[in-house]
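*Asks:* The structure under discussion is supplied below as structure tokens; questions concerning it will follow.
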Amino acid sequence: MGSALYPWLAVLAHVGVFVVIAFRLVMRKPAAGVALSWLLLVATVPLVGVAFYLLAGERRIGQRRANRIARIRTDYAALADRIVDESIATIDWSKHAPAAESMHRLGLKLTGAPTVSGSGGRLFADSAEILEQIAEDIRNARTSVVLESYIWSEGGHADTVAEALAEAARRGVACRVLVDAIGGARWLGSSQARRLRDAGVRVLPALPPSLAQALFSRNDLRLHRKVIVVDGRVAWTGSINMADPRFFKQNSRAAPWVDAMLRVEGGAVGALLMTVVGDWILESGEPLEEVLDSVGEIRVRAAGDSDVQVIPSGPAQSADGLLQMLLTLIASASEELVMTTPYFVPDESLMRAIRGAASRGVDVRLVVPETIDSVLTHYASRSYLDELMDVGVRVHQFRGGLLHTKSVTADRSISMFGTVNLDMRSIWLNYEVSLFVYGERFGRELRELQQRYLGQSHELDRAEWAGRPLREKLLENTLRLMSPLL
């Protein structure tokens, strides 16, 4: 008799779990199609559906982390008052494209990040030069270095940066290094990381995963930012990890990685400093005042004529603020829109915005690598290209390696540059940082770099692309269904 009850208990348990998940979906109000897909999966494949929902159905970060992020927002305001000079808070919007001020207001409303004036900088596109110049800035540090990266991999010029950090710490510079616990797992346990700690560099993993944590938050939410701030006077951000492409993943068919970084001085340094200090406090629990006391007196003043809005994004930080900024940037283009990204797995709204721009006559170009390091993402990404080319988007495949630079230019007057890929993981799941730069000076410089990438690419022919084998199309469209997990 008892054994006969087991099937009914299993059915009741399944119904109970289904009701709980349905309630959570109703209260969280995702897109109707997304909600119905999850309900169908949970209803028809009980154990697998529930497991997938717990893995990827929500952007759960845990209440403790959410509370810390909320406190850091208050710290940001105090930090801004302390380090940012009032002279860089006023923007002359008359010198920019009409959409620029609207984007500023949108970013301020949704993420709390204002635009600051008085930034200057130089765009670097050679990885060896980037890493060597970062090391040189660290060698010249007087008070502090704060660095965060998704990956750190030993070898070549990445070792030069490590040596510069160790030497700086030994002479009394306060050095803090934050590396993602998954992306930098091997390095965090390496002898090089130990040598840095022995020299006085504080090294921490970001977002360490655990089985217990999986019950309350997702383990696949990663710190994907790449930011270095030296003495509160110079900052770096962009696509390069602490890895020399001559040594990094050389067994991959996609190698070498092709990156770009922006070296910034002036107004935007304050916002980047607040971002990386906030991440450090979040992981270390160290009080803001202690961090500031160790980095010395900082007052960020104008050092250029560019107006920049720094948008940190991630779960519980910006909701859909980054996506809204991207959509508005795309909508602002009236003549030309150029995008470079290593991974192109957009959500429905981003696809509609790009297709809409091309349909209204904008010259839209998408530059992606011919080969990437993820087979699943490679095929899922290809499934979107037909729809783009059908409305006139020109798709270019880069043949010089894995193009890792993340950039968007609209009419050479509004630009986005930073760590964000045009995929759902970057936009919804990872902690990223993006610079929205208003003005033609940087817009032209970034567009010149994009043109160099175009010169090393071949443009897909719409008819030839449509004629690829049915088995490839089936594989691409099937993997597209996994896009939220990629």
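FYI, nothing fancy with the structure tokens labels: chains A, B, ... in order, residues from 1 per chain, ligands from 1 as they appear.
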Report as CSV: every residue of stretch 193-288 of chain A with an atom at most 12 Å from stretch 325-344 of chain A, its closest pair of atoms, and their distance in Å to one decimal, counting only C-alpha atoms, with rows sorted by chain and ascending residue number.

*Replies:*
residue,atom,partner,partner_atom,distance
A:Ser239,CA,A:Thr341,CA,10.0
A:Ala254,CA,A:Pro342,CA,10.7
A:Trp257,CA,A:Pro342,CA,9.7
A:Val258,CA,A:Pro342,CA,9.6
A:Asp259,CA,A:Pro342,CA,10.1
A:Ala260,CA,A:Thr340,CA,11.3

*Asks:* If you run DSSP over the backbone, which residues in stretch 264-482 of chain A end up alpha helix (DSSP H)? Put them as a ChimeraX atom specification.

*Replies:* /A:267-284,288-295,321-332,348-359,375-382,385-390,424,440-455,462-466,470-480

*Asks:* Using only C-alpha atoms, find the one residue out of A:Leu110, A:Ala158, A:Leu475, A:Ala358 that sits nearest to A:Phe248.

*Replies:*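 Looking at the shortest contact to A:Phe248, the residue is A:Ala158.
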
*Asks:* Mind pulling up the distance from atom CA of A:Ser434 to atom CA of A:Ile414?

*Replies:* 12.8 Å

*Asks:* If you count only C-alpha atoms, which residues fall within 8 Å of A:Pro346, apart from same-chain ones fewer than 5 positions away, as a PyMOL selection string?

*Replies:* chain A and resi 351+422-424

*Asks:* Mind writing the picked residues with N, CA and C atoms as a compact mmCIF listing (two decimals), in the first residue's frame?

*Replies:*
# COMPACT_ATOMS: atom_id res chain seq x y z
N MET A 351 17.97 42.96 -31.18
CA MET A 351 17.83 42.59 -32.60
C MET A 351 16.88 43.53 -33.32
N LEU A 422 27.97 42.09 -27.09
CA LEU A 422 26.58 42.21 -27.51
C LEU A 422 25.91 40.83 -27.40
N ASP A 423 25.85 40.35 -26.16
CA ASP A 423 25.18 39.09 -25.90
C ASP A 423 24.41 39.19 -24.59
N MET A 424 23.53 38.25 -24.38
CA MET A 424 22.64 38.32 -23.22
C MET A 424 23.39 38.12 -21.91

*Asks:* Within 10 Å of A:Met416, counting only C-alpha atoms, which residues show up once you throw out same-chain ones fewer than 6 positions away? Write them as a ChimeraX atom specification, please.

*Replies:* /A:308-310,325-326,329,339,406-410,434-438,443,446

*Asks:* Can you work out which one of A:Glu265, A:Glu440, A:Glu289, A:Glu163 has the shortest atom-to-atom distance to A:Arg197, counting only C-alpha atoms?

*Replies:*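 Nearest candidate to A:Arg197 out of A:Glu265, A:Glu440, A:Glu289, A:Glu163: A:Glu163.
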
*Asks:* Tell me, which residues of stretch 223-274 of chain A carry DSSP strand (DSSP E), written as a list in words?

*Replies:*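 Residues of stretch 223-274 of chain A classed as strand (DSSP E): Val227, Ile228, Val229, Val230, Val234, Ala235, Trp236, Thr237, Gly238, Trp257, Val258, Met261, Leu262, Arg263, Val264, Glu265 and Gly266 of chain A.
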
*Asks:* Could you tell me how far atom CA of A:Val227 sits from atom CA of A:Ser413, in Å to one decimal place?

*Replies:*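 That distance, rounded to one decimal, is 24.2 Å.
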
*Asks:* Might you pull out every residue within 10 Å of A:Lys473, with only C-alpha atoms counted and same-chain residues fewer than 4 positions away left off, and present them as a list in words?

*Replies:*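 In the requested form, the answer reads Tyr379, Ala380, Arg382, Ser383, Ala466, Gly467, Arg468, Pro469, Asn477, Thr478 and Leu479 of chain A.
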
*Asks:* How about saving the chosen residues, N, CA and C atoms kept, as a PDB file, in the first residue's frame?

*Replies:*
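Everything below was put into result.pdb:
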ATOM      1  N   TYR A 379      27.883  28.805 -33.048  1.00  0.00           N
ATOM      2  CA  TYR A 379      26.739  28.403 -33.873  1.00  0.00           C
ATOM      3  C   TYR A 379      25.475  29.177 -33.506  1.00  0.00           C
ATOM      4  N   ALA A 380      25.267  29.443 -32.224  1.00  0.00           N
ATOM      5  CA  ALA A 380      24.086  30.230 -31.840  1.00  0.00           C
ATOM      6  C   ALA A 380      24.143  31.617 -32.469  1.00  0.00           C
ATOM      7  N   ARG A 382      25.548  32.559 -35.259  1.00  0.00           N
ATOM      8  CA  ARG A 382      25.306  32.514 -36.706  1.00  0.00           C
ATOM      9  C   ARG A 382      23.812  32.533 -37.036  1.00  0.00           C
ATOM     10  N   SER A 383      22.972  32.068 -36.112  1.00  0.00           N
ATOM     11  CA  SER A 383      21.537  31.991 -36.389  1.00  0.00           C
ATOM     12  C   SER A 383      20.891  33.360 -36.542  1.00  0.00           C
ATOM     13  N   ALA A 466      22.865  32.244 -47.240  1.00  0.00           N
ATOM     14  CA  ALA A 466      21.563  31.569 -47.215  1.00  0.00           C
ATOM     15  C   ALA A 466      21.662  30.144 -47.754  1.00  0.00           C
ATOM     16  N   GLY A 467      22.696  29.861 -48.553  1.00  0.00           N
ATOM     17  CA  GLY A 467      22.828  28.548 -49.167  1.00  0.00           C
ATOM     18  C   GLY A 467      23.610  27.537 -48.356  1.00  0.00           C
ATOM     19  N   ARG A 468      23.973  27.883 -47.110  1.00  0.00           N
ATOM     20  CA  ARG A 468      24.716  26.913 -46.309  1.00  0.00           C
ATOM     21  C   ARG A 468      23.820  25.708 -46.000  1.00  0.00           C
ATOM     22  N   PRO A 469      24.425  24.555 -45.676  1.00  0.00           N
ATOM     23  CA  PRO A 469      23.647  23.312 -45.527  1.00  0.00           C
ATOM     24  C   PRO A 469      22.552  23.404 -44.459  1.00  0.00           C
ATOM     25  N   ASN A 477      19.975  27.089 -35.150  1.00  0.00           N
ATOM     26  CA  ASN A 477      18.688  27.486 -34.576  1.00  0.00           C
ATOM     27  C   ASN A 477      18.381  26.727 -33.292  1.00  0.00           C
ATOM     28  N   THR A 478      18.874  25.483 -33.188  1.00  0.00           N
ATOM     29  CA  THR A 478      18.681  24.718 -31.956  1.00  0.00           C
ATOM     30  C   THR A 478      19.476  25.333 -30.814  1.00  0.00           C
ATOM     31  N   LEU A 479      20.738  25.664 -31.089  1.00  0.00           N
ATOM     32  CA  LEU A 479      21.587  26.259 -30.041  1.00  0.00           C
ATOM     33  C   LEU A 479      21.123  27.670 -29.693  1.00  0.00           C
TER      34      LEU A 479
END
